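The data block below is run_29.cif; it holds mmCIF, C-alpha atoms.
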```
data_work
loop_
_atom_site.group_PDB
_atom_site.id
_atom_site.type_symbol
_atom_site.label_atom_id
_atom_site.label_comp_id
_atom_site.auth_asym_id
_atom_site.auth_seq_id
_atom_site.Cartn_x
_atom_site.Cartn_y
_atom_site.Cartn_z
ATOM 1 C CA MET A 1 -10.863 -2.486 15.428
ATOM 2 C CA GLU A 2 -12.368 -5.770 14.323
ATOM 3 C CA ALA A 3 -14.610 -7.507 16.863
ATOM 4 C CA PHE A 4 -13.390 -10.840 18.199
ATOM 5 C CA THR A 5 -15.938 -13.471 19.164
ATOM 6 C CA THR A 6 -14.681 -16.913 18.138
ATOM 7 C CA HIS A 7 -11.764 -17.886 15.956
ATOM 8 C CA THR A 8 -10.867 -21.300 14.582
ATOM 9 C CA GLY A 9 -7.616 -21.877 12.784
ATOM 10 C CA ARG A 10 -4.432 -23.872 12.579
ATOM 11 C CA ALA A 11 -1.731 -23.168 15.140
ATOM 12 C CA VAL A 12 2.033 -22.737 15.324
ATOM 13 C CA PRO A 13 3.928 -24.152 18.310
ATOM 14 C CA LEU A 14 6.622 -21.710 19.436
ATOM 15 C CA ARG A 15 8.667 -23.688 21.930
ATOM 16 C CA ARG A 16 10.663 -20.805 23.339
ATOM 17 C CA SER A 17 10.260 -19.135 26.710
ATOM 18 C CA ASN A 18 11.008 -15.559 27.713
ATOM 19 C CA VAL A 19 10.387 -14.182 24.234
ATOM 20 C CA ASP A 20 10.851 -10.430 24.465
ATOM 21 C CA THR A 21 9.410 -7.745 22.233
ATOM 22 C CA ASP A 22 12.783 -7.117 20.573
ATOM 23 C CA GLN A 23 12.774 -10.756 19.447
ATOM 24 C CA ILE A 24 9.182 -10.371 18.250
ATOM 25 C CA ILE A 25 10.003 -7.206 16.252
ATOM 26 C CA PRO A 26 13.554 -5.761 16.299
ATOM 27 C CA ALA A 27 13.990 -2.059 17.121
ATOM 28 C CA HIS A 28 15.096 -1.062 13.607
ATOM 29 C CA TRP A 29 11.548 -1.828 12.422
ATOM 30 C CA LEU A 30 10.065 0.829 14.703
ATOM 31 C CA LYS A 31 10.562 3.789 12.365
ATOM 32 C CA LYS A 32 7.150 3.476 10.736
ATOM 33 C CA VAL A 33 4.211 5.479 12.027
ATOM 34 C CA THR A 34 1.504 3.233 10.592
ATOM 35 C CA ARG A 35 0.304 -0.073 12.012
ATOM 36 C CA ASP A 36 0.890 -2.148 8.910
ATOM 37 C CA GLY A 37 3.791 -3.782 7.107
ATOM 38 C CA PHE A 38 5.500 -5.334 10.134
ATOM 39 C CA GLU A 39 4.974 -8.978 9.146
ATOM 40 C CA ASP A 40 8.386 -9.257 7.479
ATOM 41 C CA GLY A 41 10.080 -8.171 10.719
ATOM 42 C CA LEU A 42 8.241 -10.672 12.921
ATOM 43 C CA PHE A 43 10.862 -12.864 14.649
ATOM 44 C CA GLU A 44 13.312 -11.532 12.059
ATOM 45 C CA ALA A 45 16.485 -13.017 13.552
ATOM 46 C CA TRP A 46 14.966 -16.474 14.013
ATOM 47 C CA ARG A 47 13.434 -16.531 10.539
ATOM 48 C CA LYS A 48 16.941 -16.568 9.068
ATOM 49 C CA ASP A 49 17.040 -20.194 10.271
ATOM 50 C CA PRO A 50 15.253 -22.367 7.666
ATOM 51 C CA GLU A 51 14.204 -24.764 10.448
ATOM 52 C CA PHE A 52 12.441 -22.038 12.465
ATOM 53 C CA VAL A 53 8.827 -23.011 12.965
ATOM 54 C CA LEU A 54 7.395 -20.087 10.942
ATOM 55 C CA ASN A 55 9.552 -21.130 7.976
ATOM 56 C CA GLN A 56 8.087 -24.633 7.892
ATOM 57 C CA ALA A 57 5.607 -25.053 5.039
ATOM 58 C CA ARG A 58 3.349 -27.208 7.210
ATOM 59 C CA HIS A 59 2.597 -24.220 9.447
ATOM 60 C CA LYS A 60 1.970 -21.645 6.698
ATOM 61 C CA GLY A 61 -1.313 -19.838 7.140
ATOM 62 C CA ALA A 62 -1.644 -20.643 10.842
ATOM 63 C CA THR A 63 -3.525 -17.993 12.818
ATOM 64 C CA VAL A 64 -3.005 -19.085 16.421
ATOM 65 C CA LEU A 65 0.411 -18.909 18.105
ATOM 66 C CA VAL A 66 0.950 -21.348 20.968
ATOM 67 C CA ALA A 67 3.935 -19.847 22.766
ATOM 68 C CA GLY A 68 6.120 -20.721 25.727
ATOM 69 C CA PRO A 69 5.905 -18.978 29.104
ATOM 70 C CA ASP A 70 6.773 -15.288 29.593
ATOM 71 C CA PHE A 71 5.834 -14.185 26.095
ATOM 72 C CA GLY A 72 6.143 -10.458 25.322
ATOM 73 C CA THR A 73 8.626 -9.391 27.994
ATOM 74 C CA GLY A 74 10.917 -6.392 27.477
ATOM 75 C CA SER A 75 9.937 -3.026 26.087
ATOM 76 C CA SER A 76 6.359 -1.854 25.759
ATOM 77 C CA ARG A 77 6.373 -1.468 21.979
ATOM 78 C CA GLU A 78 2.949 -1.928 20.383
ATOM 79 C CA HIS A 79 4.758 -2.822 17.177
ATOM 80 C CA ALA A 80 5.163 -6.354 18.571
ATOM 81 C CA VAL A 81 1.392 -6.735 18.616
ATOM 82 C CA TRP A 82 1.030 -5.207 15.151
ATOM 83 C CA ALA A 83 3.728 -7.555 13.749
ATOM 84 C CA LEU A 84 1.857 -10.591 15.055
ATOM 85 C CA GLN A 85 -1.424 -9.288 13.642
ATOM 86 C CA ASN A 86 0.122 -8.294 10.301
ATOM 87 C CA TYR A 87 1.494 -11.825 9.977
ATOM 88 C CA GLY A 88 -2.019 -13.159 10.436
ATOM 89 C CA PHE A 89 -2.225 -14.234 14.078
ATOM 90 C CA LYS A 90 -5.611 -13.686 15.722
ATOM 91 C CA ALA A 91 -4.738 -15.143 19.117
ATOM 92 C CA VAL A 92 -1.685 -16.070 21.174
ATOM 93 C CA ILE A 93 -1.844 -18.760 23.840
ATOM 94 C CA SER A 94 0.740 -18.963 26.614
ATOM 95 C CA SER A 95 0.956 -19.815 30.289
ATOM 96 C CA ARG A 96 2.254 -16.339 31.107
ATOM 97 C CA PHE A 97 2.475 -12.977 29.325
ATOM 98 C CA ALA A 98 4.263 -9.757 30.220
ATOM 99 C CA ASP A 99 1.608 -7.379 31.572
ATOM 100 C CA ILE A 100 2.306 -4.499 29.179
ATOM 101 C CA PHE A 101 2.382 -6.760 26.129
ATOM 102 C CA ARG A 102 -0.913 -8.330 27.151
ATOM 103 C CA GLY A 103 -2.495 -4.916 27.716
ATOM 104 C CA ASN A 104 -1.291 -3.698 24.318
ATOM 105 C CA SER A 105 -2.588 -6.865 22.674
ATOM 106 C CA LEU A 106 -6.065 -6.646 24.125
ATOM 107 C CA LYS A 107 -6.347 -2.936 23.261
ATOM 108 C CA ASN A 108 -5.353 -3.691 19.658
ATOM 109 C CA GLY A 109 -7.631 -6.682 19.112
ATOM 110 C CA LEU A 110 -5.125 -9.527 19.544
ATOM 111 C CA LEU A 111 -6.563 -12.004 22.030
ATOM 112 C CA THR A 112 -4.004 -13.321 24.507
ATOM 113 C CA VAL A 113 -5.150 -16.443 26.320
ATOM 114 C CA VAL A 114 -3.522 -17.668 29.518
ATOM 115 C CA LEU A 115 -3.730 -21.427 30.047
ATOM 116 C CA PRO A 116 -1.847 -23.747 32.410
ATOM 117 C CA GLN A 117 1.571 -24.763 31.049
ATOM 118 C CA GLU A 118 0.544 -28.430 30.799
ATOM 119 C CA THR A 119 -2.414 -27.435 28.595
ATOM 120 C CA VAL A 120 -0.156 -25.259 26.413
ATOM 121 C CA GLU A 121 2.200 -28.205 25.993
ATOM 122 C CA ARG A 122 -0.697 -30.484 25.027
ATOM 123 C CA LEU A 123 -1.698 -27.996 22.329
ATOM 124 C CA GLN A 124 1.913 -27.737 21.114
ATOM 125 C CA LYS A 125 2.214 -31.529 20.888
ATOM 126 C CA LEU A 126 -1.107 -31.727 19.032
ATOM 127 C CA VAL A 127 -0.151 -29.234 16.321
ATOM 128 C CA GLU A 128 3.385 -30.620 16.032
ATOM 129 C CA ALA A 129 1.922 -34.078 15.381
ATOM 130 C CA ASP A 130 -0.838 -32.767 13.115
ATOM 131 C CA PRO A 131 -0.197 -29.288 11.654
ATOM 132 C CA ALA A 132 -3.689 -29.392 10.098
ATOM 133 C CA ALA A 133 -5.300 -29.669 13.543
ATOM 134 C CA GLU A 134 -7.567 -26.743 14.275
ATOM 135 C CA VAL A 135 -7.691 -24.792 17.501
ATOM 136 C CA THR A 136 -10.796 -22.807 18.432
ATOM 137 C CA VAL A 137 -10.464 -19.788 20.686
ATOM 138 C CA ASP A 138 -13.968 -18.925 21.854
ATOM 139 C CA LEU A 139 -14.150 -15.595 23.634
ATOM 140 C CA VAL A 140 -17.918 -15.823 24.084
ATOM 141 C CA SER A 141 -17.653 -18.940 26.225
ATOM 142 C CA ARG A 142 -14.053 -18.232 27.331
ATOM 143 C CA GLN A 143 -12.836 -21.577 26.133
ATOM 144 C CA VAL A 144 -10.086 -23.053 23.968
ATOM 145 C CA ARG A 145 -10.982 -26.254 22.130
ATOM 146 C CA ALA A 146 -8.935 -28.647 20.026
ATOM 147 C CA GLU A 147 -8.901 -32.394 19.527
ATOM 148 C CA GLY A 148 -8.584 -33.848 23.025
ATOM 149 C CA VAL A 149 -8.277 -30.420 24.652
ATOM 150 C CA THR A 150 -11.011 -28.290 26.208
ATOM 151 C CA ALA A 151 -9.782 -25.547 28.504
ATOM 152 C CA ASP A 152 -11.586 -22.604 30.077
ATOM 153 C CA PHE A 153 -9.744 -19.317 30.437
ATOM 154 C CA GLU A 154 -10.303 -16.096 32.334
ATOM 155 C CA LEU A 155 -10.177 -12.588 30.993
ATOM 156 C CA ASP A 156 -10.893 -9.227 32.574
ATOM 157 C CA GLU A 157 -14.560 -8.439 31.868
ATOM 158 C CA ASN A 158 -13.837 -4.972 30.447
ATOM 159 C CA ALA A 159 -11.184 -6.306 28.045
ATOM 160 C CA ARG A 160 -13.553 -9.099 26.992
ATOM 161 C CA TRP A 161 -16.405 -6.657 26.332
ATOM 162 C CA ARG A 162 -14.144 -4.350 24.294
ATOM 163 C CA LEU A 163 -12.944 -7.260 22.144
ATOM 164 C CA LEU A 164 -16.450 -8.622 21.641
ATOM 165 C CA GLU A 165 -17.656 -5.143 20.618
ATOM 166 C CA GLY A 166 -14.534 -4.304 18.596
ATOM 167 C CA LEU A 167 -13.885 -1.111 20.547
ATOM 168 C CA ASP A 168 -10.462 0.471 20.895
ATOM 169 C CA ASP A 169 -9.761 3.644 22.923
ATOM 170 C CA ILE A 170 -10.711 5.947 20.031
ATOM 171 C CA SER A 171 -13.932 4.054 19.324
ATOM 172 C CA LEU A 172 -14.900 4.298 22.985
ATOM 173 C CA THR A 173 -14.404 8.072 22.912
ATOM 174 C CA LEU A 174 -16.320 8.458 19.647
ATOM 175 C CA ARG A 175 -19.304 6.659 21.177
ATOM 176 C CA GLU A 176 -19.660 9.760 23.364
ATOM 177 C CA GLU A 177 -19.225 12.242 20.530
ATOM 178 C CA SER A 178 -22.710 13.774 20.883
ATOM 179 C CA SER A 179 -22.156 14.295 24.623
ATOM 180 C CA ILE A 180 -18.792 15.927 23.929
ATOM 181 C CA VAL A 181 -20.346 18.247 21.333
ATOM 182 C CA ALA A 182 -23.173 19.163 23.719
ATOM 183 C CA TYR A 183 -20.692 19.858 26.519
ATOM 184 C CA GLU A 184 -18.543 22.048 24.277
ATOM 185 C CA ALA A 185 -21.605 23.963 23.095
ATOM 186 C CA ASN A 186 -22.433 24.936 26.675
ATOM 187 C CA ARG A 187 -18.935 25.981 27.764
ATOM 188 C CA PRO A 188 -18.339 29.709 28.240
ATOM 189 C CA SER A 189 -16.741 31.208 25.141
ATOM 190 C CA PHE A 190 -13.684 32.481 27.041
ATOM 191 C CA LYS A 191 -12.608 28.914 28.004
ATOM 192 C CA PRO A 192 -10.437 26.703 25.744
ATOM 193 C CA ARG A 193 -12.426 24.754 23.148
ATOM 194 C CA THR A 194 -12.036 21.602 21.122
ATOM 195 C CA ILE A 195 -11.242 22.660 17.573
ATOM 196 C CA GLU A 196 -13.219 20.920 14.844
ATOM 197 C CA VAL A 197 -11.058 19.024 12.403
#
```
Show me this structure written as structure tokens.
Amino acid sequence: MEAFTTHTGRAVPLRRSNVDTDQIIPAHWLKKVTRDGFEDGLFEAWRKDPEFVLNQARHKGATVLVAGPDFGTGSSREHAVWALQNYGFKAVISSRFADIFRGNSLKNGLLTVVLPQETVERLQKLVEADPAAEVTVDLVSRQVRAEGVTADFELDENARWRLLEGLDDISLTLREESSIVAYEANRPSFKPRTIEV
């Protein structure tokens, strides 16, 4: 996965709370086995409303989603993370995420930043007033910066390291490939073996 260090981009204010994964990507989109092509299903029901924030021309191309509290509740589908990434979001800021959604996000390279609700609302007001305003999400210094807003955030050290290095679960395993090969070479021949692909 792509390493995440610092990202600066325009933001979209999503003033809805308790957004569940079925609202992020409806179940009928879950038939694909690849991680791409989910952007058209992102918030599908809400995008039928021409006034929905993602349909507003002034927010086109935004890469940071500033969401309400309890974002990503509901089922554990990773497709919700992929839909956000496929649409172009690099980071989501909220005062509270569902644990499974946040875990899936961090393992797939989507940075989820928890900030106090009053800070989230300040960011939402900023980008509503000025859609061209940029928001910087700095994972190196664990800080979100925008005009008039500087906020530190916390993140589990292991998740931070994986994002900074661009390592998903498969990449972590492949880093030990030579050790795995050496171990397999020394196993007795009558024991089960890893088959080369």
**Q.** the PyMOL selection byres ((chain A and resi 60) around 12) applied to the shown file, residues as a ChimeraX atom specification
**A.** /A:9-12,52-59,61-65,87-89,131-132
Q) Residues picked by the PyMOL selection byres ((chain A and resi 123-126) around 10) here, as a PyMOL selection string? A) chain A and resi 11-15+65-68+93+117-122+127-135+144-149
Q: Could you tell me which residues the PyMOL selection byres ((chain A and resi 95) around 6) returns for this structure, as a PyMOL selection string?
A: chain A and resi 69+94+96+114-117
Q: Kindly give the distance, in Å, that separates atom CA of A:Lys191 and atom CA of A:Ser179, rounded to a single decimal.
A: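 About the pair atom CA of A:Lys191 and atom CA of A:Ser179: they are 17.8 Å apart.
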Can you tell me, as lines of an AutoDock Vina configuration file, the centre and edge lengths (Å, one decimal) of the axis-aligned box enclosing all of stretch 132-144 of chain A's listed atoms after padding each side by 5 Å?
```
center_x = -10.8
center_y = -22.6
center_z = 18.7
size_x = 24.2
size_y = 24.1
size_z = 27.2
```
Q: Quote the spacing between atom CA of A:Asp20 and atom CA of A:Val92 in Å to one decimal place.
A: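 That distance, rounded to one decimal, is 14.1 Å.
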